[in-house]
Every structure is written in structure tokens, then in C-alpha cells.
Amino acid sequence: PGSTHTLSKRYSDFVQLHEDLSRRTFAASLPPFPPYRAFANYDSAFLERRRAQLEAYVSFLCLHSLVVMDSALWTWLALDVTVQVVMRLTVAHAVRLEQEMASGVIALEAVLYAQQADITCCLHPAVLRALQAILTSDGVSEEAVCSVCRILERLLTQRRARQLFLPRNVGGVAALLAVHGRGGAAAEAAQRVFEGFCDCDGESGAASGGG
């Protein structure tokens with residue numbers, strides 16, 4: 001979220017993507033695929049029309065919740081694995097798929113910590129809203145809530161994340177307090193989040209005072 005990604009694809013690459021998606025259970029909901037035509041390379045007007053049709057085709061796929069939740073599109077787009085996981089998490093939140101949100105955040109924690117991945121793509125309102133939604137949901141596992149807390153513990157070391165998550169009108173702190181009040185492993189994880197961003201605030205204040 002919030003970044004751009006550019007790559008070049010041949011018509012045959014689009015055909016392969018369409019064939020892969022056509023084997024999925026949602027194949028009937030896919031749009032018509034722009035047709036092949038022999039000797040098309042000699043017809044610039046046709047090529048331009050087909051280019052526009054292929055662009056519209058991919059744009060449709062990116063708005064199709066079942067396609068976006070599938071790995072085929074993201075693999076085809078050659079996106080970084082962290083970005084793939086983040087995109088599926090935010091889409092699951094947008095279409096209110098709680099179990100996919102839970103599995104997505106567990107996968108995100110695994111990617112962030114196993115690979116020491118760049119967290120920049122997580123510093124986006126859509127991502128933080130998804131994390132907050134998991135904290136406030138009654139339908140997700142404690143494991144998923146703990147994963148959110150551990151992710152926040154890392155994200156909230158960044159000023160941008162604190163600006164997006166901590167203001168009173170956003171509700172992030174209230175969500176963490178609610179988790180803390182439940183007790184158990186989730187409460188302990190939430191406690192560490194509070195301790196972490198309090199330490200960050202203290203360090204920021206000391207740096208400002210020292211200047």
C-alpha cells in the first residue's frame with residue numbers, strides 16, 4: 001500500500017495468468033480475456049486496443065476479492081513476499097473475512113521476523129486499521145491477537161506508525177487496553193506494546209531535551 005511497482009509483461013504472460021485463474025473455483029466470475037490475433041504485431045491500432053483491454057483486465061482482477069486473496073496474481077506481479085502478505089491482509093479486512101485476517105497477520109509476523117523484512121510497507125493506514133480490527137474482533141484466535149501485538153511492538157518504534165495508530169480518535173490505544181483487560185497471553189503481549197512505545201517516547205523526549 002502506498003507504493004508503486006512497474007514491470008514488463010508479454011501477451012503470453014497475461015495468457016498464462018488467465019489460464020491459472022481459470023482453474024480456480026471463481027473462474028466463472030472472471031471477465032472475458034482480450035483475444036489473440038495472428039499477425040497482430042503489424043497492426044498498431046489493434047495492439048493499442050489490446051493493451052488497453054489487458055490493462056482493464058488486470059485492473060478488474062485487482063478489485064476482485066477472491067482473485068486478490070489468491071497467490072496467483074501476486075506471484076505474477078512479482079511482488080516482494082512481505083508486500084504480498086500485507087496486500088492479502090488488507091483485502092481480507094476490507095471484505096471482512098476474519099479468519100483470513102487472522103491467518104494473514106500470523107503470516108505477516110512470520111515474514112517480518114524470519115526475514116528481518118523492511119517494515120515500510122506496513123506503515124500505511126490500511127495496514128494499521130487491519131491490525132486494530134483484529135485486536136477488537138471477538139472471532140479471531142488469541143494467537144492472532146498476540147501476533148498483532150508483536151507486530152505493533154516493532155511498528156510503533158516508527159514515528160509514522162505512532163502518528164497513525166496512537167491518536168485518541170483513531171482508537172488504537174483503546175483497542176490495546178481492551179486486549180490488556182482480557183488477561184492471558186494477549187494481555188502480556190499488549191503490555192509489551194505499551195512498554196515499547198513508552199520507551200520510544202522517553203527516548204524522543206530525552207533527545208529533544210538534549211538538543
# chains A, B, ... in the order shown; residues from 1 in each chain; ligands from 1
call {"tool": "residues_around", "arguments": {"residues": "Ser141 in chain A", "least_positions_apart": "3", "cutoff": "12 Å", "atoms": "only C-alpha atoms", "output": "list in words"}}
result
Glu98, Gln99, Glu100, Met101, Ala102, Ser103, Val105, Ile106, Ile134, Leu135, Thr136, Ser137, Asp138, Ala144, Val145, Cys146, Ser147, Val148, Ala185 and Ala186 of chain A
call {"tool": "closest_residue", "arguments": {"among": "A:Ser71, A:Gln84, A:Gln163, A:Thr157", "to": "Asp20 in chain A", "atoms": "only C-alpha atoms"}}
result
A:Ser71
call {"tool": "residues_around", "arguments": {"residues": "range 65-67 of chain A", "least_positions_apart": "5", "cutoff": "10 Å", "atoms": "only C-alpha atoms", "output": "VMD selection string"}}
result
chain A and resid 21 24 to 27 29 to 30 60 72 to 74 88 91 to 92 94 to 95
call {"tool": "closest_residue", "arguments": {"among": "A:Val111, A:Leu152, A:Ala175, A:Met69", "to": "Thr82 in chain A", "atoms": "only C-alpha atoms"}}
result
A:Val111
call {"tool": "atom_distance", "arguments": {"atom1": "CA of Thr120 in chain A", "atom2": "CA of Leu89 in chain A"}}
result
15.3 Å
call {"tool": "residues_around", "arguments": {"residues": "Arg162 in chain A", "least_positions_apart": "2", "cutoff": "10 Å", "atoms": "only C-alpha atoms", "output": "CSV table (one decimal) with N, CA, C and O atoms, in the first residue's frame"}}
result
chain,number,residue,atom,x,y,z
A,123,LEU,N,3.7,0.6,7.2
A,123,LEU,CA,3.4,1.9,7.7
A,123,LEU,C,2.4,2.7,6.9
A,123,LEU,O,2.6,3.7,6.3
A,152,LEU,N,2.9,-4.8,16.3
A,152,LEU,CA,2.9,-3.4,16.7
A,152,LEU,C,4.1,-3.0,17.6
A,152,LEU,O,4.5,-1.9,17.5
A,155,LEU,N,6.4,-2.1,14.9
A,155,LEU,CA,6.0,-0.9,14.1
A,155,LEU,C,6.0,0.4,14.9
A,155,LEU,O,6.4,1.5,14.3
A,156,LEU,N,5.6,0.3,16.1
A,156,LEU,CA,5.4,1.6,16.9
A,156,LEU,C,6.8,2.2,17.3
A,156,LEU,O,6.8,3.2,18.0
A,157,THR,N,7.9,1.6,17.0
A,157,THR,CA,9.2,2.2,17.1
A,157,THR,C,9.3,3.3,16.1
A,157,THR,O,10.2,4.1,16.2
A,158,GLN,N,8.4,3.3,15.1
A,158,GLN,CA,8.5,4.3,14.0
A,158,GLN,C,7.5,5.4,14.2
A,158,GLN,O,6.3,5.2,14.6
A,159,ARG,N,8.0,6.6,14.1
A,159,ARG,CA,7.1,7.8,14.3
A,159,ARG,C,5.9,7.8,13.5
A,159,ARG,O,4.8,8.1,14.0
A,160,ARG,N,6.0,7.4,12.2
A,160,ARG,CA,4.8,7.3,11.3
A,160,ARG,C,3.7,6.4,11.9
A,160,ARG,O,2.6,6.8,11.8
A,164,LEU,N,-0.2,7.3,13.2
A,164,LEU,CA,-1.3,6.7,12.6
A,164,LEU,C,-2.2,5.9,13.6
A,164,LEU,O,-3.4,5.8,13.5
A,165,PHE,N,-1.5,5.3,14.6
A,165,PHE,CA,-2.2,4.4,15.5
A,165,PHE,C,-2.6,4.9,16.9
A,165,PHE,O,-3.6,4.4,17.5
A,166,LEU,N,-1.8,5.8,17.4
A,166,LEU,CA,-2.0,6.2,18.8
A,166,LEU,C,-3.0,7.4,19.1
A,166,LEU,O,-3.4,7.5,20.3
A,167,PRO,N,-3.3,8.2,18.2
A,167,PRO,CA,-4.2,9.3,18.5
A,167,PRO,C,-5.6,8.8,19.0
A,167,PRO,O,-6.0,7.7,18.6
A,172,GLY,N,-6.6,3.2,18.5
A,172,GLY,CA,-5.6,2.1,18.7
A,172,GLY,C,-5.3,1.8,20.1
A,172,GLY,O,-5.2,0.6,20.5
A,197,PHE,N,6.3,1.5,23.2
A,197,PHE,CA,6.2,2.9,22.7
A,197,PHE,C,6.4,3.9,23.7
A,197,PHE,O,6.7,5.1,23.5
A,200,CYS,N,10.0,4.5,23.5
A,200,CYS,CA,10.3,5.4,22.4
A,200,CYS,C,10.0,6.8,22.7
A,200,CYS,O,10.8,7.7,22.3
A,201,ASP,N,8.9,7.1,23.3
A,201,ASP,CA,8.5,8.5,23.7
A,201,ASP,C,9.6,9.1,24.6
A,201,ASP,O,10.0,10.2,24.5
call {"tool": "select_by_dssp", "arguments": {"residues": "range 125-181 of chain A", "states": "alpha helix (DSSP H)", "output": "PyMOL selection string"}}
result
chain A and resi 125-136+142-155+159-165+172-181
call {"tool": "write_last_selection", "arguments": {"atoms": "N, CA and C atoms", "output": "short mmCIF file (atom, residue, chain, number, x, y, z; two decimals), in the first residue's frame"}}
result
data_model
loop_
_atom_site.label_atom_id
_atom_site.label_comp_id
_atom_site.auth_asym_id
_atom_site.auth_seq_id
_atom_site.Cartn_x
_atom_site.Cartn_y
_atom_site.Cartn_z
N PRO A 125 -2.08 3.50 6.66
CA PRO A 125 -3.34 3.46 7.42
C PRO A 125 -4.13 2.17 7.23
N ALA A 126 -4.16 1.65 6.00
CA ALA A 126 -4.94 0.43 5.75
C ALA A 126 -4.40 -0.75 6.54
N VAL A 127 -3.09 -0.84 6.66
CA VAL A 127 -2.48 -1.95 7.40
C VAL A 127 -2.78 -1.81 8.89
N LEU A 128 -2.60 -0.61 9.41
CA LEU A 128 -2.82 -0.40 10.84
C LEU A 128 -4.30 -0.54 11.20
N ARG A 129 -5.19 -0.18 10.28
CA ARG A 129 -6.62 -0.41 10.53
C ARG A 129 -6.93 -1.90 10.59
N ALA A 130 -6.28 -2.67 9.73
CA ALA A 130 -6.49 -4.12 9.76
C ALA A 130 -5.99 -4.72 11.08
N LEU A 131 -4.82 -4.27 11.53
CA LEU A 131 -4.28 -4.76 12.80
C LEU A 131 -5.21 -4.40 13.96
N GLN A 132 -5.71 -3.17 13.95
CA GLN A 132 -6.62 -2.74 15.01
C GLN A 132 -7.91 -3.55 14.99
N ALA A 133 -8.40 -3.85 13.79
CA ALA A 133 -9.64 -4.63 13.68
C ALA A 133 -9.49 -6.01 14.29
N ILE A 134 -8.31 -6.61 14.14
CA ILE A 134 -8.08 -7.92 14.73
C ILE A 134 -8.08 -7.82 16.25
N LEU A 135 -7.50 -6.75 16.79
CA LEU A 135 -7.49 -6.56 18.24
C LEU A 135 -8.90 -6.47 18.81
N THR A 136 -9.82 -5.88 18.06
CA THR A 136 -11.17 -5.64 18.57
C THR A 136 -12.16 -6.73 18.18
N GLU A 142 -6.53 -16.11 19.98
CA GLU A 142 -5.57 -15.37 20.80
C GLU A 142 -4.21 -15.34 20.13
N GLU A 143 -3.89 -16.39 19.39
CA GLU A 143 -2.63 -16.42 18.66
C GLU A 143 -2.53 -15.26 17.69
N ALA A 144 -3.63 -14.98 16.98
CA ALA A 144 -3.63 -13.87 16.03
C ALA A 144 -3.50 -12.54 16.75
N VAL A 145 -4.18 -12.38 17.87
CA VAL A 145 -4.08 -11.14 18.65
C VAL A 145 -2.66 -10.94 19.14
N CYS A 146 -2.02 -12.00 19.61
CA CYS A 146 -0.63 -11.90 20.06
C CYS A 146 0.29 -11.53 18.90
N SER A 147 0.01 -12.07 17.72
CA SER A 147 0.81 -11.71 16.55
C SER A 147 0.69 -10.23 16.25
N VAL A 148 -0.53 -9.71 16.32
CA VAL A 148 -0.73 -8.27 16.11
C VAL A 148 0.09 -7.46 17.10
N CYS A 149 0.05 -7.86 18.36
CA CYS A 149 0.79 -7.12 19.39
C CYS A 149 2.30 -7.14 19.12
N ARG A 150 2.80 -8.28 18.72
CA ARG A 150 4.23 -8.36 18.44
C ARG A 150 4.62 -7.53 17.22
N ILE A 151 3.73 -7.49 16.23
CA ILE A 151 3.98 -6.64 15.06
C ILE A 151 3.95 -5.17 15.46
N LEU A 152 2.95 -4.79 16.26
CA LEU A 152 2.86 -3.40 16.72
C LEU A 152 4.06 -3.01 17.57
N GLU A 153 4.54 -3.96 18.35
CA GLU A 153 5.72 -3.68 19.18
C GLU A 153 6.88 -3.21 18.30
N ARG A 154 6.98 -3.78 17.13
CA ARG A 154 8.03 -3.36 16.18
C ARG A 154 7.65 -2.10 15.42
N LEU A 155 6.40 -2.06 14.92
CA LEU A 155 5.99 -0.92 14.10
C LEU A 155 6.00 0.39 14.87
N ARG A 159 7.99 6.63 14.08
CA ARG A 159 7.14 7.80 14.32
C ARG A 159 5.87 7.77 13.49
N ARG A 160 5.99 7.38 12.21
CA ARG A 160 4.83 7.33 11.32
C ARG A 160 3.75 6.42 11.86
N ALA A 161 4.13 5.25 12.35
CA ALA A 161 3.16 4.31 12.90
C ALA A 161 2.49 4.88 14.14
N ARG A 162 3.26 5.53 15.00
CA ARG A 162 2.67 6.13 16.20
C ARG A 162 1.67 7.22 15.84
N GLN A 163 1.99 8.00 14.81
CA GLN A 163 1.07 9.06 14.38
C GLN A 163 -0.24 8.48 13.84
N LEU A 164 -0.16 7.32 13.23
CA LEU A 164 -1.35 6.71 12.63
C LEU A 164 -2.17 5.90 13.62
N PHE A 165 -1.52 5.33 14.63
CA PHE A 165 -2.20 4.36 15.49
C PHE A 165 -2.59 4.88 16.87
N GLY A 172 -6.61 3.16 18.54
CA GLY A 172 -5.60 2.12 18.68
C GLY A 172 -5.28 1.81 20.14
N VAL A 173 -5.10 2.85 20.94
CA VAL A 173 -4.78 2.64 22.36
C VAL A 173 -5.96 1.96 23.07
N ALA A 174 -7.17 2.38 22.75
CA ALA A 174 -8.35 1.76 23.36
C ALA A 174 -8.42 0.27 23.02
N ALA A 175 -8.06 -0.08 21.78
CA ALA A 175 -8.07 -1.49 21.38
C ALA A 175 -7.04 -2.28 22.18
N LEU A 176 -5.86 -1.71 22.37
CA LEU A 176 -4.82 -2.39 23.15
C LEU A 176 -5.24 -2.53 24.61
N LEU A 177 -5.87 -1.50 25.15
CA LEU A 177 -6.34 -1.58 26.54
C LEU A 177 -7.39 -2.67 26.71
N ALA A 178 -8.26 -2.81 25.71
CA ALA A 178 -9.28 -3.86 25.77
C ALA A 178 -8.62 -5.24 25.76
N VAL A 179 -7.59 -5.41 24.95
CA VAL A 179 -6.86 -6.67 24.91
C VAL A 179 -6.18 -6.92 26.25
N HIS A 180 -5.60 -5.86 26.80
CA HIS A 180 -4.91 -5.98 28.09
C HIS A 180 -5.88 -6.42 29.18
N GLY A 181 -7.12 -5.95 29.09
CA GLY A 181 -8.11 -6.28 30.11
C GLY A 181 -8.61 -7.72 30.04
#
call {"tool": "closest_residue", "arguments": {"among": "A:Glu19, A:Ala38, A:Phe33, A:Gly104", "to": "Arg51 in chain A", "atoms": "only C-alpha atoms"}}
result
A:Phe33
call {"tool": "closest_residue", "arguments": {"among": "A:Ala110, A:Cys121, A:Tyr36, A:Leu77", "to": "Leu61 in chain A", "atoms": "only C-alpha atoms"}}
result
A:Leu77
call {"tool": "atom_distance", "arguments": {"atom1": "CA of Cys122 in chain A", "atom2": "CA of Glu109 in chain A"}}
result
11.2 Å
call {"tool": "closest_residue", "arguments": {"among": "A:Leu54, A:Ala45, A:Met87, A:Ala189", "to": "Arg10 in chain A", "atoms": "only C-alpha atoms"}}
result
A:Leu54
